[in-house]
>>> print(open('final-v6.cif').read())   # mmCIF, N, CA, C and O atoms
data_structure
#
loop_
_atom_site.label_atom_id
_atom_site.label_comp_id
_atom_site.auth_asym_id
_atom_site.auth_seq_id
_atom_site.Cartn_x
_atom_site.Cartn_y
_atom_site.Cartn_z
N MET N 155 118.51 123.54 109.78
CA MET N 155 118.11 122.16 110.04
C MET N 155 119.14 121.48 110.92
O MET N 155 120.33 121.61 110.70
N THR N 156 118.66 120.76 111.86
CA THR N 156 119.57 120.05 112.73
C THR N 156 119.99 118.75 112.07
O THR N 156 119.36 118.26 111.12
N ALA N 157 121.02 118.15 112.59
CA ALA N 157 121.54 116.91 112.01
C ALA N 157 120.54 115.77 112.15
O ALA N 157 120.39 114.94 111.25
N GLY N 158 119.83 115.74 113.26
CA GLY N 158 118.83 114.69 113.48
C GLY N 158 117.69 114.76 112.46
O GLY N 158 117.22 113.75 111.95
N ARG N 159 117.26 115.98 112.17
CA ARG N 159 116.19 116.16 111.19
C ARG N 159 116.65 115.74 109.79
O ARG N 159 115.88 115.18 109.03
N MET N 160 117.89 116.05 109.47
CA MET N 160 118.43 115.68 108.15
C MET N 160 118.49 114.16 108.01
O MET N 160 118.17 113.61 106.95
N VAL N 161 118.88 113.48 109.06
CA VAL N 161 118.96 112.03 109.02
C VAL N 161 117.57 111.42 108.83
O VAL N 161 117.39 110.50 108.02
N VAL N 162 116.59 111.96 109.53
CA VAL N 162 115.23 111.47 109.40
C VAL N 162 114.71 111.73 107.98
O VAL N 162 114.09 110.86 107.37
N MET N 163 114.97 112.90 107.43
CA MET N 163 114.52 113.22 106.08
C MET N 163 115.20 112.31 105.05
O MET N 163 114.54 111.82 104.13
N LEU N 164 116.47 112.06 105.19
CA LEU N 164 117.17 111.17 104.27
C LEU N 164 116.63 109.75 104.37
O LEU N 164 116.49 109.05 103.35
N ALA N 165 116.31 109.30 105.56
CA ALA N 165 115.75 107.96 105.74
C ALA N 165 114.38 107.87 105.09
O ALA N 165 114.05 106.86 104.45
N LEU N 166 113.56 108.90 105.24
CA LEU N 166 112.24 108.91 104.61
C LEU N 166 112.35 108.91 103.08
O LEU N 166 111.61 108.20 102.40
N VAL N 167 113.26 109.69 102.54
CA VAL N 167 113.46 109.72 101.09
C VAL N 167 113.95 108.37 100.59
O VAL N 167 113.48 107.86 99.57
N ALA N 168 114.86 107.75 101.30
CA ALA N 168 115.37 106.44 100.90
C ALA N 168 114.27 105.39 100.98
O ALA N 168 114.15 104.53 100.07
N ALA N 169 113.45 105.42 102.01
CA ALA N 169 112.36 104.45 102.14
C ALA N 169 111.33 104.65 101.03
O ALA N 169 110.83 103.68 100.45
N THR N 170 111.01 105.88 100.71
CA THR N 170 110.06 106.17 99.63
C THR N 170 110.60 105.70 98.29
O THR N 170 109.86 105.10 97.50
N ALA N 171 111.86 105.94 98.02
CA ALA N 171 112.45 105.50 96.76
C ALA N 171 112.49 103.98 96.66
O ALA N 171 112.27 103.41 95.60
N THR N 172 112.72 103.32 97.78
CA THR N 172 112.76 101.85 97.79
C THR N 172 111.38 101.27 97.50
O THR N 172 111.24 100.36 96.69
N VAL N 173 110.36 101.80 98.12
CA VAL N 173 109.00 101.31 97.93
C VAL N 173 108.49 101.64 96.53
O VAL N 173 107.79 100.85 95.91
N ALA N 174 108.85 102.78 96.01
CA ALA N 174 108.38 103.20 94.69
C ALA N 174 108.96 102.31 93.59
O ALA N 174 108.36 102.17 92.53
N ALA N 175 110.09 101.69 93.82
CA ALA N 175 110.72 100.87 92.79
C ALA N 175 110.25 99.42 92.83
O ALA N 175 110.67 98.62 92.00
N CYS N 176 109.35 99.07 93.73
CA CYS N 176 108.87 97.69 93.84
C CYS N 176 107.78 97.41 92.82
O CYS N 176 107.09 98.31 92.37
N GLY N 177 107.62 96.16 92.51
CA GLY N 177 106.51 95.75 91.65
C GLY N 177 106.95 95.50 90.22
O GLY N 177 108.12 95.58 89.87
N ARG N 178 105.96 95.20 89.40
CA ARG N 178 106.24 94.98 87.99
C ARG N 178 105.28 95.82 87.17
O ARG N 178 104.18 96.13 87.59
N LYS N 179 105.73 96.15 85.99
CA LYS N 179 104.92 96.98 85.12
C LYS N 179 103.91 96.11 84.39
O LYS N 179 104.23 95.02 83.95
N GLY N 180 102.71 96.57 84.28
CA GLY N 180 101.70 95.82 83.55
C GLY N 180 100.43 95.70 84.37
O GLY N 180 100.32 96.19 85.49
N GLY N 181 99.46 95.03 83.77
CA GLY N 181 98.18 94.86 84.43
C GLY N 181 98.26 93.85 85.57
O GLY N 181 99.18 93.05 85.65
N LEU N 182 97.28 93.91 86.42
CA LEU N 182 97.22 92.99 87.55
C LEU N 182 96.55 91.70 87.13
O LEU N 182 95.62 91.69 86.33
N ASP N 183 96.99 90.59 87.67
CA ASP N 183 96.40 89.29 87.40
C ASP N 183 95.49 88.91 88.56
O ASP N 183 95.83 89.13 89.72
N THR N 184 94.36 88.31 88.24
CA THR N 184 93.51 87.77 89.29
C THR N 184 94.13 86.47 89.77
O THR N 184 94.94 85.87 89.06
N PRO N 185 93.77 85.99 90.95
CA PRO N 185 94.32 84.72 91.42
C PRO N 185 94.00 83.57 90.45
O PRO N 185 94.82 82.67 90.24
N TYR N 186 92.83 83.60 89.83
CA TYR N 186 92.47 82.55 88.88
C TYR N 186 93.38 82.59 87.66
O TYR N 186 93.90 81.56 87.23
N GLU N 187 93.62 83.79 87.11
CA GLU N 187 94.49 83.92 85.94
C GLU N 187 95.92 83.49 86.27
O GLU N 187 96.59 82.85 85.46
N ALA N 188 96.39 83.82 87.46
CA ALA N 188 97.73 83.43 87.87
C ALA N 188 97.85 81.91 88.01
O ALA N 188 98.86 81.33 87.62
N ALA N 189 96.80 81.26 88.52
CA ALA N 189 96.82 79.80 88.67
C ALA N 189 96.80 79.12 87.31
O ALA N 189 97.50 78.12 87.08
N VAL N 190 96.03 79.66 86.37
CA VAL N 190 95.99 79.09 85.01
C VAL N 190 97.34 79.24 84.35
O VAL N 190 97.85 78.31 83.72
N GLU N 191 97.96 80.41 84.49
CA GLU N 191 99.27 80.64 83.90
C GLU N 191 100.34 79.74 84.52
O GLU N 191 101.20 79.21 83.83
N ALA N 192 100.27 79.54 85.84
CA ALA N 192 101.23 78.66 86.52
C ALA N 192 101.07 77.23 86.03
O ALA N 192 102.06 76.51 85.85
N ARG N 193 99.85 76.81 85.79
CA ARG N 193 99.59 75.46 85.29
C ARG N 193 100.15 75.28 83.88
O ARG N 193 100.77 74.28 83.55
N LYS N 194 99.95 76.30 83.01
CA LYS N 194 100.49 76.24 81.64
C LYS N 194 102.01 76.20 81.65
O LYS N 194 102.62 75.47 80.89
N GLU N 195 102.61 77.01 82.52
CA GLU N 195 104.08 77.05 82.60
C GLU N 195 104.64 75.72 83.09
O GLU N 195 105.65 75.24 82.58
N ALA N 196 103.98 75.11 84.07
CA ALA N 196 104.43 73.81 84.57
C ALA N 196 104.30 72.75 83.48
O ALA N 196 105.15 71.87 83.35
N GLN N 197 103.26 72.85 82.69
CA GLN N 197 103.05 71.89 81.60
C GLN N 197 104.15 72.05 80.54
O GLN N 197 104.66 71.06 80.02
N ARG N 198 104.51 73.30 80.22
CA ARG N 198 105.59 73.55 79.25
C ARG N 198 106.93 73.03 79.75
O ARG N 198 107.73 72.54 78.97
N ASN N 199 107.18 73.18 81.06
CA ASN N 199 108.46 72.76 81.62
C ASN N 199 108.47 71.29 82.04
O ASN N 199 109.45 70.83 82.64
N LYS N 200 107.39 70.58 81.75
CA LYS N 200 107.27 69.16 82.10
C LYS N 200 107.48 68.92 83.59
O LYS N 200 108.18 68.01 84.01
N GLU N 201 106.87 69.76 84.41
CA GLU N 201 106.91 69.65 85.86
C GLU N 201 105.56 69.11 86.34
O GLU N 201 104.59 69.09 85.58
N PRO N 202 105.47 68.66 87.58
CA PRO N 202 104.17 68.22 88.10
C PRO N 202 103.16 69.37 88.05
O PRO N 202 103.48 70.51 88.41
N LEU N 203 101.96 69.05 87.59
CA LEU N 203 100.94 70.09 87.43
C LEU N 203 100.29 70.43 88.77
O LEU N 203 99.95 69.55 89.54
N PRO N 204 100.11 71.73 89.02
CA PRO N 204 99.35 72.12 90.21
C PRO N 204 97.87 71.77 90.01
O PRO N 204 97.45 71.48 88.89
N PRO N 205 97.08 71.77 91.06
CA PRO N 205 95.67 71.42 90.90
C PRO N 205 94.96 72.39 89.94
O PRO N 205 95.34 73.55 89.81
N GLU N 206 93.93 71.85 89.30
CA GLU N 206 93.13 72.65 88.37
C GLU N 206 92.46 73.80 89.13
O GLU N 206 91.80 73.57 90.15
N PRO N 207 92.64 75.05 88.67
CA PRO N 207 92.02 76.17 89.40
C PRO N 207 90.50 76.16 89.22
O PRO N 207 89.99 75.78 88.18
N GLN N 208 89.83 76.58 90.26
CA GLN N 208 88.37 76.68 90.24
C GLN N 208 87.98 78.04 89.65
O GLN N 208 88.56 79.06 89.99
N LYS N 209 86.99 78.03 88.78
CA LYS N 209 86.49 79.29 88.24
C LYS N 209 85.91 80.12 89.38
O LYS N 209 85.20 79.59 90.24
N PRO N 210 86.21 81.41 89.43
CA PRO N 210 85.67 82.23 90.52
C PRO N 210 84.17 82.44 90.38
O PRO N 210 83.62 82.35 89.28
N ASP N 211 83.53 82.71 91.50
CA ASP N 211 82.11 83.04 91.48
C ASP N 211 81.93 84.37 90.76
O ASP N 211 82.89 85.08 90.47
N THR N 212 80.71 84.70 90.49
CA THR N 212 80.45 85.99 89.86
C THR N 212 80.96 87.12 90.75
O THR N 212 81.07 86.96 91.96
N ASP N 213 81.25 88.24 90.13
CA ASP N 213 81.79 89.37 90.87
C ASP N 213 80.76 89.87 91.88
O ASP N 213 79.63 90.18 91.52
N LYS N 214 81.17 89.90 93.12
CA LYS N 214 80.29 90.39 94.19
C LYS N 214 80.70 91.82 94.52
O LYS N 214 81.80 92.05 95.01
N PRO N 215 79.85 92.79 94.24
CA PRO N 215 80.23 94.18 94.52
C PRO N 215 80.38 94.44 96.02
O PRO N 215 79.65 93.88 96.83
N PHE N 216 81.33 95.28 96.34
CA PHE N 216 81.57 95.68 97.71
C PHE N 216 80.83 96.99 97.95
O PHE N 216 80.62 97.79 97.02
N ILE N 217 80.44 97.25 99.17
CA ILE N 217 79.62 98.42 99.50
C ILE N 217 80.31 99.74 99.11
O ILE N 217 79.66 100.70 98.74
N LEU N 218 81.63 99.79 99.16
CA LEU N 218 82.34 101.02 98.86
C LEU N 218 82.71 101.17 97.37
O LEU N 218 83.29 102.18 96.97
N ASP N 219 82.37 100.18 96.54
CA ASP N 219 82.71 100.25 95.12
C ASP N 219 82.08 101.47 94.44
O ASP N 219 82.64 102.03 93.50
N LYS N 220 80.93 101.87 94.88
CA LYS N 220 80.23 103.01 94.25
C LYS N 220 80.99 104.32 94.47
O LYS N 220 80.81 105.27 93.71
N LEU N 221 81.82 104.38 95.49
CA LEU N 221 82.57 105.61 95.76
C LEU N 221 83.76 105.76 94.82
O LEU N 221 84.22 106.88 94.60
N ILE N 222 84.23 104.67 94.28
CA ILE N 222 85.41 104.72 93.41
C ILE N 222 85.03 105.10 92.07
O ILE N 222 84.66 105.28 91.21
#
>>> encode(input="final-v6.cif", output="structure tokens")
Amino acid sequence: MTAGRMVVMLALVAATATVAACGRKGGLDTPYEAAVEARKEAQRNKEPLPPEPQKPDTDKPFILDKLI
């Protein structure tokens, strides 16, 4: 292996390890759930309340959903 190839491989391994460590463990929140939680947290901390979140429309299936 040449030195250039080793540097590229090390950079790829470092980038992969960096990306793999991102995020948080747990389920995903919908934007509506996140807005409700942010409103509750602001209320607990006695901060100005964000606007009341709008309930989302019914789930609209996407054409590729059947493939998953």
>>> atom_distance(input="final-v6.cif", atom1="CA of Val190 in chain N", atom2="CA of Pro210 in chain N")
12.1 Å
>>> atom_distance(input="final-v6.cif", atom1="atom C of Ala196 in chain N", atom2="CA of Gln208 in chain N")
17.7 Å
>>> atom_distance(input="final-v6.cif", atom1="atom O of Arg193 in chain N", atom2="atom N of Lys214 in chain N")
26.8 Å
>>> residues_around(input="final-v6.cif", residues="Pro205 in chain N", least_positions_apart="2", cutoff="6 Å", atoms="all atoms listed in the file", output="ChimeraX atom specification")
/N:189,203,207
>>> write_last_selection(input="final-v6.cif", atoms="N, CA, C and O atoms", output="PDB file, in the coordinates of the input")
ATOM      1  N   ALA N 189      96.800  81.260  88.520  1.00  0.00           N
ATOM      2  CA  ALA N 189      96.820  79.800  88.670  1.00  0.00           C
ATOM      3  C   ALA N 189      96.800  79.120  87.310  1.00  0.00           C
ATOM      4  O   ALA N 189      97.500  78.120  87.080  1.00  0.00           O
ATOM      5  N   LEU N 203     101.960  69.050  87.590  1.00  0.00           N
ATOM      6  CA  LEU N 203     100.940  70.090  87.430  1.00  0.00           C
ATOM      7  C   LEU N 203     100.290  70.430  88.770  1.00  0.00           C
ATOM      8  O   LEU N 203      99.950  69.550  89.540  1.00  0.00           O
ATOM      9  N   PRO N 207      92.640  75.050  88.670  1.00  0.00           N
ATOM     10  CA  PRO N 207      92.020  76.170  89.400  1.00  0.00           C
ATOM     11  C   PRO N 207      90.500  76.160  89.220  1.00  0.00           C
ATOM     12  O   PRO N 207      89.990  75.780  88.180  1.00  0.00           O
TER      13      PRO N 207
END
>>> select_by_dssp(input="final-v6.cif", residues="chain N", states="helix (DSSP H, G or I)", output="ChimeraX atom specification")
/N:157-174,185-198,219-221
>>> decode(input="final-v6.cif", residues="range 205-217 of chain N", atoms="all heavy atoms", output="short mmCIF file (atom, residue, chain, number, x, y, z; two decimals), in the first residue's frame")
data_model
loop_
_atom_site.label_atom_id
_atom_site.label_comp_id
_atom_site.auth_asym_id
_atom_site.auth_seq_id
_atom_site.Cartn_x
_atom_site.Cartn_y
_atom_site.Cartn_z
N PRO N 205 -45.95 29.01 19.72
CA PRO N 205 -47.33 28.88 19.24
C PRO N 205 -47.84 27.45 19.37
O PRO N 205 -47.08 26.49 19.34
CB PRO N 205 -47.26 29.31 17.77
CG PRO N 205 -45.84 29.32 17.42
CD PRO N 205 -45.04 29.42 18.67
N GLU N 206 -49.16 27.35 19.54
CA GLU N 206 -49.80 26.04 19.67
C GLU N 206 -49.59 25.25 18.37
O GLU N 206 -49.88 25.75 17.28
CB GLU N 206 -51.30 26.24 19.91
CG GLU N 206 -52.07 24.95 20.12
CD GLU N 206 -51.82 24.32 21.47
OE1 GLU N 206 -51.59 25.05 22.44
OE2 GLU N 206 -51.84 23.08 21.54
N PRO N 207 -49.07 24.02 18.47
CA PRO N 207 -48.84 23.24 17.24
C PRO N 207 -50.16 22.79 16.62
O PRO N 207 -51.12 22.52 17.32
CB PRO N 207 -48.01 22.05 17.71
CG PRO N 207 -48.27 21.94 19.17
CD PRO N 207 -48.61 23.31 19.66
N GLN N 208 -50.17 22.74 15.31
CA GLN N 208 -51.34 22.29 14.57
C GLN N 208 -51.29 20.76 14.46
O GLN N 208 -50.25 20.20 14.17
CB GLN N 208 -51.34 22.90 13.16
CG GLN N 208 -51.38 24.39 13.14
CD GLN N 208 -52.80 24.91 13.11
OE1 GLN N 208 -53.66 24.25 12.58
NE2 GLN N 208 -53.01 26.07 13.68
N LYS N 209 -52.42 20.13 14.67
CA LYS N 209 -52.49 18.68 14.49
C LYS N 209 -52.20 18.36 13.02
O LYS N 209 -52.71 19.02 12.13
CB LYS N 209 -53.89 18.16 14.83
CG LYS N 209 -54.06 17.71 16.23
CD LYS N 209 -53.70 16.27 16.31
CE LYS N 209 -54.33 15.65 17.54
NZ LYS N 209 -53.54 14.56 18.02
N PRO N 210 -51.37 17.35 12.76
CA PRO N 210 -51.08 17.02 11.35
C PRO N 210 -52.28 16.40 10.66
O PRO N 210 -53.17 15.84 11.30
CB PRO N 210 -49.93 16.02 11.46
CG PRO N 210 -50.03 15.45 12.83
CD PRO N 210 -50.64 16.51 13.69
N ASP N 211 -52.31 16.53 9.35
CA ASP N 211 -53.34 15.89 8.55
C ASP N 211 -53.17 14.38 8.66
O ASP N 211 -52.17 13.88 9.17
CB ASP N 211 -53.23 16.31 7.08
CG ASP N 211 -53.53 17.77 6.88
OD1 ASP N 211 -54.22 18.36 7.74
OD2 ASP N 211 -53.08 18.33 5.86
N THR N 212 -54.14 13.67 8.17
CA THR N 212 -54.02 12.21 8.18
C THR N 212 -52.79 11.80 7.37
O THR N 212 -52.34 12.51 6.49
CB THR N 212 -55.27 11.56 7.58
OG1 THR N 212 -55.47 12.06 6.27
CG2 THR N 212 -56.50 11.85 8.42
N ASP N 213 -52.28 10.63 7.70
CA ASP N 213 -51.09 10.13 7.02
C ASP N 213 -51.37 9.91 5.55
O ASP N 213 -52.30 9.20 5.18
CB ASP N 213 -50.64 8.83 7.67
CG ASP N 213 -49.30 8.36 7.17
OD1 ASP N 213 -48.49 9.21 6.77
OD2 ASP N 213 -49.07 7.15 7.18
N LYS N 214 -50.58 10.56 4.73
CA LYS N 214 -50.72 10.42 3.28
C LYS N 214 -49.64 9.46 2.80
O LYS N 214 -48.46 9.76 2.88
CB LYS N 214 -50.54 11.78 2.60
CG LYS N 214 -51.57 12.79 3.02
CD LYS N 214 -51.24 14.15 2.42
CE LYS N 214 -52.12 15.20 3.04
NZ LYS N 214 -51.69 16.54 2.69
N PRO N 215 -50.02 8.29 2.31
CA PRO N 215 -49.01 7.33 1.87
C PRO N 215 -48.24 7.83 0.64
O PRO N 215 -48.80 8.50 -0.21
CB PRO N 215 -49.80 6.07 1.55
CG PRO N 215 -51.21 6.51 1.40
CD PRO N 215 -51.37 7.79 2.16
N PHE N 216 -46.98 7.50 0.61
CA PHE N 216 -46.12 7.85 -0.50
C PHE N 216 -46.08 6.66 -1.45
O PHE N 216 -46.24 5.50 -1.04
CB PHE N 216 -44.71 8.19 0.02
CG PHE N 216 -43.78 8.69 -1.03
CD1 PHE N 216 -44.03 9.88 -1.68
CD2 PHE N 216 -42.65 7.97 -1.37
CE1 PHE N 216 -43.15 10.36 -2.65
CE2 PHE N 216 -41.79 8.43 -2.33
CZ PHE N 216 -42.05 9.63 -2.98
N ILE N 217 -45.86 6.91 -2.72
CA ILE N 217 -45.92 5.85 -3.74
C ILE N 217 -44.91 4.73 -3.46
O ILE N 217 -45.17 3.57 -3.77
CB ILE N 217 -45.74 6.45 -5.15
CG1 ILE N 217 -46.11 5.44 -6.20
CG2 ILE N 217 -44.32 6.96 -5.34
CD1 ILE N 217 -46.27 6.01 -7.57
#
